[in-house]
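Coordinates as given in data.cif (mmCIF, C-alpha atoms):
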data_structure
#
loop_
_atom_site.group_PDB
_atom_site.id
_atom_site.type_symbol
_atom_site.label_atom_id
_atom_site.label_comp_id
_atom_site.auth_asym_id
_atom_site.auth_seq_id
_atom_site.Cartn_x
_atom_site.Cartn_y
_atom_site.Cartn_z
ATOM 1 C CA MET A 1 93.077 124.686 132.303
ATOM 2 C CA HIS A 2 90.701 125.109 129.350
ATOM 3 C CA LYS A 3 91.983 125.331 125.774
ATOM 4 C CA PHE A 4 90.541 126.789 122.597
ATOM 5 C CA GLY A 5 91.813 126.728 119.039
ATOM 6 C CA VAL A 6 91.143 126.449 115.330
ATOM 7 C CA VAL A 7 92.565 123.450 113.471
ATOM 8 C CA ALA A 8 92.767 123.165 109.677
ATOM 9 C CA LEU A 9 92.276 119.666 108.252
ATOM 10 C CA MET A 10 94.353 119.525 105.075
ATOM 11 C CA GLY A 11 95.255 116.815 102.600
ATOM 12 C CA PRO A 12 94.790 115.379 99.122
ATOM 13 C CA PRO A 13 91.266 114.462 97.979
ATOM 14 C CA ASN A 14 89.720 111.362 99.576
ATOM 15 C CA ALA A 15 92.202 111.254 102.470
ATOM 16 C CA GLY A 16 89.379 110.969 105.036
ATOM 17 C CA LYS A 17 89.207 114.532 106.407
ATOM 18 C CA SER A 18 85.407 114.679 106.573
ATOM 19 C CA THR A 19 85.220 111.212 108.133
ATOM 20 C CA LEU A 20 87.696 112.272 110.822
ATOM 21 C CA MET A 21 85.861 115.468 111.697
ATOM 22 C CA ASN A 22 82.499 113.713 111.842
ATOM 23 C CA ALA A 23 84.014 111.028 114.094
ATOM 24 C CA TYR A 24 85.329 113.603 116.560
ATOM 25 C CA LEU A 25 81.958 115.343 116.687
ATOM 26 C CA GLY A 26 79.968 112.129 117.016
ATOM 27 C CA GLN A 27 77.608 113.151 114.231
ATOM 28 C CA LYS A 28 77.734 114.158 110.597
ATOM 29 C CA VAL A 29 78.534 117.739 109.662
ATOM 30 C CA ALA A 30 80.579 117.237 106.492
ATOM 31 C CA ILE A 31 79.300 115.015 103.709
ATOM 32 C CA VAL A 32 81.170 111.805 102.980
ATOM 33 C CA SER A 33 81.346 109.686 99.841
ATOM 34 C CA PRO A 34 83.813 107.221 98.289
ATOM 35 C CA LYS A 35 84.526 109.800 95.588
ATOM 36 C CA PRO A 36 87.410 112.259 95.964
ATOM 37 C CA GLN A 37 86.792 116.019 96.060
ATOM 38 C CA THR A 38 83.427 115.708 97.776
ATOM 39 C CA THR A 39 84.013 118.681 100.081
ATOM 40 C CA ARG A 40 83.743 121.991 98.221
ATOM 41 C CA ASN A 41 83.296 124.563 100.954
ATOM 42 C CA ARG A 42 85.341 125.143 104.068
ATOM 43 C CA ILE A 43 83.126 123.504 106.681
ATOM 44 C CA SER A 44 83.578 123.964 110.409
ATOM 45 C CA GLY A 45 82.901 121.360 113.052
ATOM 46 C CA ILE A 46 82.987 122.308 116.736
ATOM 47 C CA LEU A 47 84.200 119.781 119.289
ATOM 48 C CA THR A 48 83.356 120.799 122.857
ATOM 49 C CA ARG A 49 84.812 118.973 125.856
ATOM 50 C CA ASP A 50 85.167 119.881 129.509
ATOM 51 C CA ASP A 51 88.799 120.827 128.986
ATOM 52 C CA ALA A 52 88.760 122.251 125.457
ATOM 53 C CA GLN A 53 86.836 123.511 122.471
ATOM 54 C CA VAL A 54 88.286 122.821 119.032
ATOM 55 C CA VAL A 55 86.972 124.302 115.789
ATOM 56 C CA PHE A 56 87.942 121.955 112.965
ATOM 57 C CA LEU A 57 87.996 123.391 109.455
ATOM 58 C CA ASP A 58 87.390 120.602 106.953
ATOM 59 C CA THR A 59 88.887 121.912 103.726
ATOM 60 C CA PRO A 60 88.517 120.806 100.103
ATOM 61 C CA GLY A 61 91.123 118.300 98.989
ATOM 62 C CA VAL A 62 94.270 119.985 97.667
ATOM 63 C CA HIS A 63 95.105 119.033 94.080
ATOM 64 C CA ARG A 64 96.299 120.567 90.819
ATOM 65 C CA LEU A 65 93.125 120.488 88.724
ATOM 66 C CA ARG A 66 92.300 123.396 86.414
ATOM 67 C CA GLY A 67 89.204 125.562 86.215
ATOM 68 C CA ARG A 68 87.712 128.444 88.173
ATOM 69 C CA MET A 69 85.859 126.281 90.705
ATOM 70 C CA ASN A 70 88.964 124.228 91.450
ATOM 71 C CA ARG A 71 90.970 127.436 91.924
ATOM 72 C CA TYR A 72 88.361 128.590 94.444
ATOM 73 C CA LEU A 73 88.639 125.258 96.249
ATOM 74 C CA LEU A 74 92.383 125.733 96.635
ATOM 75 C CA GLU A 75 91.908 129.303 97.864
ATOM 76 C CA SER A 76 89.432 128.028 100.455
ATOM 77 C CA ALA A 77 91.993 125.563 101.773
ATOM 78 C CA TRP A 78 94.767 128.158 102.050
ATOM 79 C CA GLN A 79 92.464 130.660 103.783
ATOM 80 C CA ALA A 80 91.669 128.041 106.401
ATOM 81 C CA LEU A 81 95.366 127.429 106.969
ATOM 82 C CA SER A 82 96.167 131.116 107.433
ATOM 83 C CA GLY A 83 93.769 131.430 110.364
ATOM 84 C CA ALA A 84 94.520 128.123 112.084
ATOM 85 C CA ASP A 85 96.346 127.528 115.364
ATOM 86 C CA ALA A 86 97.457 124.097 114.125
ATOM 87 C CA ALA A 87 97.283 122.081 110.921
ATOM 88 C CA VAL A 88 96.513 118.394 110.533
ATOM 89 C CA VAL A 89 97.576 116.862 107.235
ATOM 90 C CA LEU A 90 95.689 113.656 106.532
ATOM 91 C CA LEU A 91 97.185 111.123 104.130
ATOM 92 C CA ASP A 92 95.683 107.894 102.794
ATOM 93 C CA GLY A 93 98.196 105.441 104.240
ATOM 94 C CA ALA A 94 96.566 102.402 102.646
ATOM 95 C CA HIS A 95 96.689 103.980 99.189
ATOM 96 C CA TYR A 96 100.348 104.943 99.478
ATOM 97 C CA ALA A 97 101.324 101.571 100.985
ATOM 98 C CA ALA A 98 99.904 99.942 97.857
ATOM 99 C CA LYS A 99 101.139 102.610 95.406
ATOM 100 C CA PRO A 100 104.151 104.401 96.929
ATOM 101 C CA GLY A 101 104.993 106.087 93.638
ATOM 102 C CA VAL A 102 101.949 108.374 93.681
ATOM 103 C CA MET A 103 102.536 109.899 97.127
ATOM 104 C CA GLU A 104 104.969 112.619 96.036
ATOM 105 C CA SER A 105 102.666 114.057 93.363
ATOM 106 C CA ASP A 106 99.724 114.002 95.801
ATOM 107 C CA VAL A 107 101.468 115.857 98.630
ATOM 108 C CA LYS A 108 103.577 118.235 96.511
ATOM 109 C CA PRO A 109 100.877 120.974 96.390
ATOM 110 C CA LEU A 110 100.870 120.976 100.219
ATOM 111 C CA VAL A 111 104.594 121.070 100.930
ATOM 112 C CA GLU A 112 105.494 124.681 100.101
ATOM 113 C CA PRO A 113 102.394 126.348 101.670
ATOM 114 C CA LEU A 114 102.941 124.395 104.887
ATOM 115 C CA LYS A 115 106.610 125.430 104.964
ATOM 116 C CA GLY A 116 105.467 129.034 105.096
ATOM 117 C CA TYR A 117 102.715 128.355 107.598
ATOM 118 C CA GLY A 118 104.851 128.591 110.721
ATOM 119 C CA GLY A 119 102.432 126.817 113.050
ATOM 120 C CA PRO A 120 102.508 123.240 114.341
ATOM 121 C CA VAL A 121 101.841 120.508 111.767
ATOM 122 C CA ILE A 122 100.648 117.000 112.604
ATOM 123 C CA VAL A 123 100.476 114.341 109.891
ATOM 124 C CA GLY A 124 97.839 111.653 110.308
ATOM 125 C CA VAL A 125 98.667 108.578 108.235
ATOM 126 C CA ASN A 126 95.072 107.452 107.841
ATOM 127 C CA LYS A 127 93.342 104.159 106.931
ATOM 128 C CA VAL A 128 95.937 101.957 108.648
ATOM 129 C CA ASP A 129 93.134 99.490 109.415
ATOM 130 C CA ALA A 130 93.031 98.675 105.682
ATOM 131 C CA VAL A 131 96.687 97.540 105.642
ATOM 132 C CA LYS A 132 97.146 93.971 106.881
ATOM 133 C CA ASP A 133 100.946 93.995 106.798
ATOM 134 C CA LYS A 134 101.721 97.016 108.990
ATOM 135 C CA SER A 135 105.391 96.990 107.944
ATOM 136 C CA ARG A 136 104.234 98.381 104.596
ATOM 137 C CA LEU A 137 103.257 101.578 106.411
ATOM 138 C CA LEU A 138 106.824 102.301 107.547
ATOM 139 C CA PRO A 139 107.983 103.671 104.148
ATOM 140 C CA VAL A 140 104.833 105.827 104.039
ATOM 141 C CA MET A 141 105.581 107.313 107.466
ATOM 142 C CA GLU A 142 109.234 107.855 106.561
ATOM 143 C CA ALA A 143 108.214 109.626 103.351
ATOM 144 C CA ALA A 144 105.734 111.780 105.284
ATOM 145 C CA GLY A 145 108.587 112.813 107.579
ATOM 146 C CA ARG A 146 110.689 113.847 104.577
ATOM 147 C CA PHE A 147 107.899 115.834 102.925
ATOM 148 C CA PHE A 148 106.881 117.543 106.167
ATOM 149 C CA PRO A 149 110.092 117.929 108.225
ATOM 150 C CA GLY A 150 109.454 118.681 111.873
ATOM 151 C CA ALA A 151 105.864 117.433 111.751
ATOM 152 C CA GLU A 152 104.587 114.829 114.189
ATOM 153 C CA ILE A 153 103.556 111.619 112.409
ATOM 154 C CA VAL A 154 100.604 109.661 113.826
ATOM 155 C CA PRO A 155 99.388 106.377 112.257
ATOM 156 C CA MET A 156 95.621 106.183 112.665
ATOM 157 C CA SER A 157 92.223 105.313 111.246
ATOM 158 C CA ALA A 158 89.428 107.866 111.208
ATOM 159 C CA LEU A 159 86.935 105.082 110.539
ATOM 160 C CA SER A 160 87.919 102.383 113.057
ATOM 161 C CA GLY A 161 89.237 104.760 115.704
ATOM 162 C CA ASP A 162 92.788 103.376 115.877
ATOM 163 C CA GLY A 163 95.085 106.251 116.844
ATOM 164 C CA ARG A 164 92.265 108.779 116.576
ATOM 165 C CA GLU A 165 92.488 109.853 120.218
ATOM 166 C CA LYS A 166 96.262 110.057 120.049
ATOM 167 C CA LEU A 167 95.964 112.432 117.102
ATOM 168 C CA LEU A 168 93.509 114.559 119.073
ATOM 169 C CA GLU A 169 95.858 114.603 122.074
ATOM 170 C CA ARG A 170 98.646 115.935 119.884
ATOM 171 C CA VAL A 171 96.308 118.608 118.497
ATOM 172 C CA LEU A 172 95.247 119.712 121.990
ATOM 173 C CA SER A 173 98.856 119.927 123.130
ATOM 174 C CA HIS A 174 99.441 122.763 120.644
ATOM 175 C CA LEU A 175 96.370 124.848 121.481
ATOM 176 C CA HIS A 176 96.477 127.894 123.746
ATOM 177 C CA GLU A 177 94.642 128.421 126.994
ATOM 178 C CA GLY A 178 91.316 130.146 126.460
ATOM 179 C CA PRO A 179 87.542 129.974 127.024
ATOM 180 C CA ALA A 180 85.031 128.321 124.695
ATOM 181 C CA MET A 181 83.787 130.666 121.979
ATOM 182 C CA TYR A 182 80.635 128.747 121.038
ATOM 183 C CA PRO A 183 77.723 127.222 122.999
ATOM 184 C CA GLU A 184 78.366 123.608 123.983
ATOM 185 C CA ASP A 185 75.453 122.321 121.874
ATOM 186 C CA GLN A 186 76.624 124.045 118.676
ATOM 187 C CA ILE A 187 78.432 121.644 116.332
ATOM 188 C CA SER A 188 79.075 123.895 113.338
ATOM 189 C CA THR A 189 79.201 127.513 112.226
ATOM 190 C CA ALA A 190 77.614 126.528 108.910
ATOM 191 C CA PRO A 191 73.992 127.683 108.412
ATOM 192 C CA VAL A 192 71.435 124.885 108.639
ATOM 193 C CA ARG A 193 70.273 125.562 105.070
ATOM 194 C CA PHE A 194 73.811 124.921 103.866
ATOM 195 C CA LEU A 195 73.887 121.602 105.738
ATOM 196 C CA VAL A 196 70.560 120.634 104.151
ATOM 197 C CA ALA A 197 71.844 121.448 100.664
ATOM 198 C CA GLU A 198 74.991 119.428 101.381
ATOM 199 C CA THR A 199 72.857 116.466 102.464
ATOM 200 C CA VAL A 200 71.080 116.456 99.095
ATOM 201 C CA ARG A 201 74.432 116.750 97.302
ATOM 202 C CA GLU A 202 75.829 113.821 99.273
ATOM 203 C CA LYS A 203 72.973 111.573 98.157
ATOM 204 C CA LEU A 204 73.639 112.593 94.548
ATOM 205 C CA PHE A 205 77.293 111.630 94.985
ATOM 206 C CA LEU A 206 76.378 108.265 96.442
ATOM 207 C CA GLU A 207 73.724 107.397 93.856
ATOM 208 C CA LEU A 208 75.345 108.723 90.670
ATOM 209 C CA ARG A 209 78.426 106.629 90.157
ATOM 210 C CA GLN A 210 79.646 108.386 87.020
ATOM 211 C CA GLU A 211 81.571 111.655 86.912
ATOM 212 C CA LEU A 212 78.282 113.542 86.866
ATOM 213 C CA PRO A 213 78.259 114.576 90.559
ATOM 214 C CA TYR A 214 81.179 116.941 89.946
ATOM 215 C CA SER A 215 78.988 119.039 87.666
ATOM 216 C CA THR A 216 76.059 119.188 90.095
ATOM 217 C CA ALA A 217 75.282 121.864 92.661
ATOM 218 C CA VAL A 218 72.415 122.229 95.128
ATOM 219 C CA GLU A 219 70.777 125.471 96.228
ATOM 220 C CA ILE A 220 67.906 125.941 98.698
ATOM 221 C CA GLU A 221 65.336 128.075 96.879
ATOM 222 C CA HIS A 222 62.507 128.119 99.420
ATOM 223 C CA TRP A 223 62.300 127.400 103.160
ATOM 224 C CA GLU A 224 59.066 127.698 105.125
ATOM 225 C CA GLU A 225 58.350 126.689 108.698
ATOM 226 C CA ASP A 226 54.846 125.216 108.856
ATOM 227 C CA GLY A 227 53.969 124.213 112.416
ATOM 228 C CA ASP A 228 56.005 121.148 113.294
ATOM 229 C CA ARG A 229 57.101 120.677 109.685
ATOM 230 C CA VAL A 230 59.505 122.547 107.425
ATOM 231 C CA ARG A 231 58.856 122.823 103.699
ATOM 232 C CA ILE A 232 62.022 122.901 101.601
ATOM 233 C CA ASN A 233 62.392 123.441 97.867
ATOM 234 C CA ALA A 234 65.878 122.662 96.585
ATOM 235 C CA VAL A 235 67.227 123.082 93.064
ATOM 236 C CA ILE A 236 69.819 120.690 91.671
ATOM 237 C CA TYR A 237 71.858 122.440 88.990
ATOM 238 C CA VAL A 238 73.522 120.443 86.232
ATOM 239 C CA ALA A 239 75.740 121.563 83.362
ATOM 240 C CA ARG A 240 73.990 119.804 80.461
ATOM 241 C CA ASP A 241 70.561 118.593 79.326
ATOM 242 C CA THR A 242 71.837 115.006 79.229
ATOM 243 C CA HIS A 243 72.834 115.332 82.880
ATOM 244 C CA LYS A 244 69.329 116.451 83.792
ATOM 245 C CA SER A 245 67.788 113.228 82.522
ATOM 246 C CA MET A 246 70.358 111.199 84.473
ATOM 247 C CA VAL A 247 69.563 112.972 87.732
ATOM 248 C CA ILE A 248 65.825 112.570 87.225
ATOM 249 C CA GLY A 249 66.132 108.933 86.148
ATOM 250 C CA LYS A 250 63.610 106.733 84.393
ATOM 251 C CA GLY A 251 60.135 107.804 85.414
ATOM 252 C CA GLY A 252 61.691 110.114 88.017
ATOM 253 C CA ALA A 253 63.033 107.136 89.985
ATOM 254 C CA MET A 254 66.517 108.537 90.675
ATOM 255 C CA LEU A 255 65.264 111.935 91.831
ATOM 256 C CA LYS A 256 62.706 110.257 94.081
ATOM 257 C CA LYS A 257 65.344 107.989 95.623
ATOM 258 C CA VAL A 258 67.707 110.899 96.294
ATOM 259 C CA GLY A 259 64.847 112.902 97.806
ATOM 260 C CA THR A 260 63.700 110.064 100.060
ATOM 261 C CA GLU A 261 67.194 109.397 101.402
ATOM 262 C CA ALA A 262 67.952 113.088 101.864
ATOM 263 C CA ARG A 263 64.652 113.806 103.634
ATOM 264 C CA ALA A 264 65.260 111.101 106.242
ATOM 265 C CA GLU A 265 68.650 112.577 107.104
ATOM 266 C CA ILE A 266 67.355 116.155 107.034
ATOM 267 C CA GLU A 267 64.604 115.268 109.512
ATOM 268 C CA GLU A 268 67.252 113.802 111.819
ATOM 269 C CA LEU A 269 69.375 116.931 111.431
ATOM 270 C CA LEU A 270 66.490 119.330 112.105
ATOM 271 C CA GLY A 271 64.712 117.230 114.710
ATOM 272 C CA GLN A 272 61.381 117.755 112.929
ATOM 273 C CA ARG A 273 59.404 116.533 109.950
ATOM 274 C CA ALA A 274 60.399 117.853 106.552
ATOM 275 C CA HIS A 275 58.672 118.113 103.192
ATOM 276 C CA LEU A 276 61.397 118.151 100.535
ATOM 277 C CA GLU A 277 60.811 118.977 96.881
ATOM 278 C CA LEU A 278 63.674 118.672 94.411
ATOM 279 C CA TRP A 279 63.867 120.344 91.016
ATOM 280 C CA VAL A 280 66.544 119.909 88.372
ATOM 281 C CA LYS A 281 67.685 122.837 86.236
ATOM 282 C CA VAL A 282 70.333 123.140 83.545
ATOM 283 C CA ARG A 283 72.899 125.916 84.026
ATOM 284 C CA GLU A 284 75.622 125.537 81.431
ATOM 285 C CA ASP A 285 79.232 125.989 82.556
ATOM 286 C CA TRP A 286 78.208 126.976 86.088
ATOM 287 C CA THR A 287 81.618 125.837 87.399
ATOM 288 C CA GLU A 288 83.175 128.809 85.525
ATOM 289 C CA ASP A 289 80.561 131.402 86.597
ATOM 290 C CA PRO A 290 82.065 133.581 89.388
ATOM 291 C CA GLY A 291 78.722 135.043 90.489
ATOM 292 C CA PHE A 292 77.049 131.666 90.759
ATOM 293 C CA LEU A 293 80.040 130.152 92.562
ATOM 294 C CA ARG A 294 79.897 132.985 95.096
ATOM 295 C CA ALA A 295 76.173 132.315 95.580
ATOM 296 C CA LEU A 296 77.081 128.731 96.466
ATOM 297 C CA GLY A 297 79.575 129.987 99.046
ATOM 298 C CA LEU A 298 82.670 129.421 96.912
ATOM 299 C CA GLY A 299 85.278 131.993 96.060
ATOM 300 C CA GLU A 300 84.436 134.325 98.915
#
Serialized structure, structure tokens:
Amino acid sequence: MHKFGVVALMGPPNAGKSTLMNAYLGQKVAIVSPKPQTTRNRISGILTRDDAQVVFLDTPGVHRLRGRMNRYLLESAWQALSGADAAVVLLDGAHYAAKPGVMESDVKPLVEPLKGYGGPVIVGVNKVDAVKDKSRLLPVMEAAGRFFPGAEIVPMSALSGDGREKLLERVLSHLHEGPAMYPEDQISTAPVRFLVAETVREKLFLELRQELPYSTAVEIEHWEEDGDRVRINAVIYVARDTHKSMVIGKGGAMLKKVGTEARAEIEELLGQRAHLELWVKVREDWTEDPGFLRALGLGE
């Protein structure tokens, strides 16, 4: 029997959703950084096995921040849930074991929408490998059961692999019989240009430790296949002139470092050489510009 289904990965920011999806696929589709709210778009990852094909929807972290862009992020998450055959809620078990008081406020935005969802819900209590005294996870799992009554609770670690297969088994148990909908070598429905832009944005997140990455966006402006090499021009948008100088760095050092790291990963993604040029432009208040957000794939 072969199964097929769509699974929404939900949860607060920085719960490990992108790490989990990338681990299941065996390669990176969604960008990962230590900062919360890295994922902005609803990104699909396709897991193909002999007995099943699962389309994971990695959604932006659910929170209560204000602003047009953040509202679009929430809408993206709820749209993914409405079309999913099952939902996986990922929670940072290590964080809540250390600070149990913050769990309720983090999960509250998820509780009511999931009550109205109607489909199966599985809660992955993630990052258990970071908790030495496992007994401290028991209150976290009990609280998860109260917040999401009827959900299956699975302690696991997306990073180390503990419990990861068990979580996948529970997901597969809820999917319906059906044929694969995508070729076995396809790992995402996202366009390759989007993945390239996300790669550049990831390097910005990793290199710029301040709050600046939240006001940056990346758009592919030019793409040209040239024999065995692809030429890519990407624009990094920032909200202020002061941000522009930070992205460029002294003598252009920061921009060069981001470009070098991104190019290496892009070449691995494309399987060919790449010539990457990065430009930095100021676009004030772009996070409140509906047209520009739509151009970035948000708010659709």
Long-range neighbours of A:Gly163 as an NGL selection string, 12 Å cut-off, only C-alpha atoms, 6 positions minimum in chain: :A and (20 or 123-129 or 153-157 or 169-170)
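Put simply, atom CA of A:Asp285 is 14.8 Å away from atom CA of A:Val218.
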Students should find that atom CA of A:Val280 and atom CA of A:Thr216 are spaced 9.7 Å
So which one's closest to A:Ala144, A:Glu277, A:Asp185, A:Asp106, A:Glu284? Using only C-alpha atoms, please.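 So, comparing all the options, the nearest one is A:Asp106.
Once A:Met254 and its same-chain neighbours fewer than 4 positions away are set aside, Leu204, Glu207, Leu208, Ser245, Met246, Val247, Ile248, Gly249, Lys250, Val258, Gly259 and Thr260 of chain A remain within 10 Å of it when counting only C-alpha atoms.
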Take the residues from that selection and write them out as a PDB file, in the frame of the given file, keeping C-alpha atoms.
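Saved to part_17.pdb:
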ATOM      1  CA  LEU A 204      73.639 112.593  94.548  1.00  0.00           C
ATOM      2  CA  GLU A 207      73.724 107.397  93.856  1.00  0.00           C
ATOM      3  CA  LEU A 208      75.345 108.723  90.670  1.00  0.00           C
ATOM      4  CA  SER A 245      67.788 113.228  82.522  1.00  0.00           C
ATOM      5  CA  MET A 246      70.358 111.199  84.473  1.00  0.00           C
ATOM      6  CA  VAL A 247      69.563 112.972  87.732  1.00  0.00           C
ATOM      7  CA  ILE A 248      65.825 112.570  87.225  1.00  0.00           C
ATOM      8  CA  GLY A 249      66.132 108.933  86.148  1.00  0.00           C
ATOM      9  CA  LYS A 250      63.610 106.733  84.393  1.00  0.00           C
ATOM     10  CA  VAL A 258      67.707 110.899  96.294  1.00  0.00           C
ATOM     11  CA  GLY A 259      64.847 112.902  97.806  1.00  0.00           C
ATOM     12  CA  THR A 260      63.700 110.064 100.060  1.00  0.00           C
TER      13      THR A 260
END
Between atom CA of A:Glu165 and atom CA of A:Ala84, distance in Å (one decimal): 20.1 Å
Could you write out as a ChimeraX atom specification the residues that the PyMOL selection byres ((chain A and resi 267) around 12) matches in the shown file? /A:192,195-196,199,228-232,259-266,268-276
Can you work out which one of A:Glu184, A:Glu152, A:Glu224, A:Asp241 has the shortest atom-to-atom distance to A:Ala86, counting all atoms listed in the file? A:Glu152
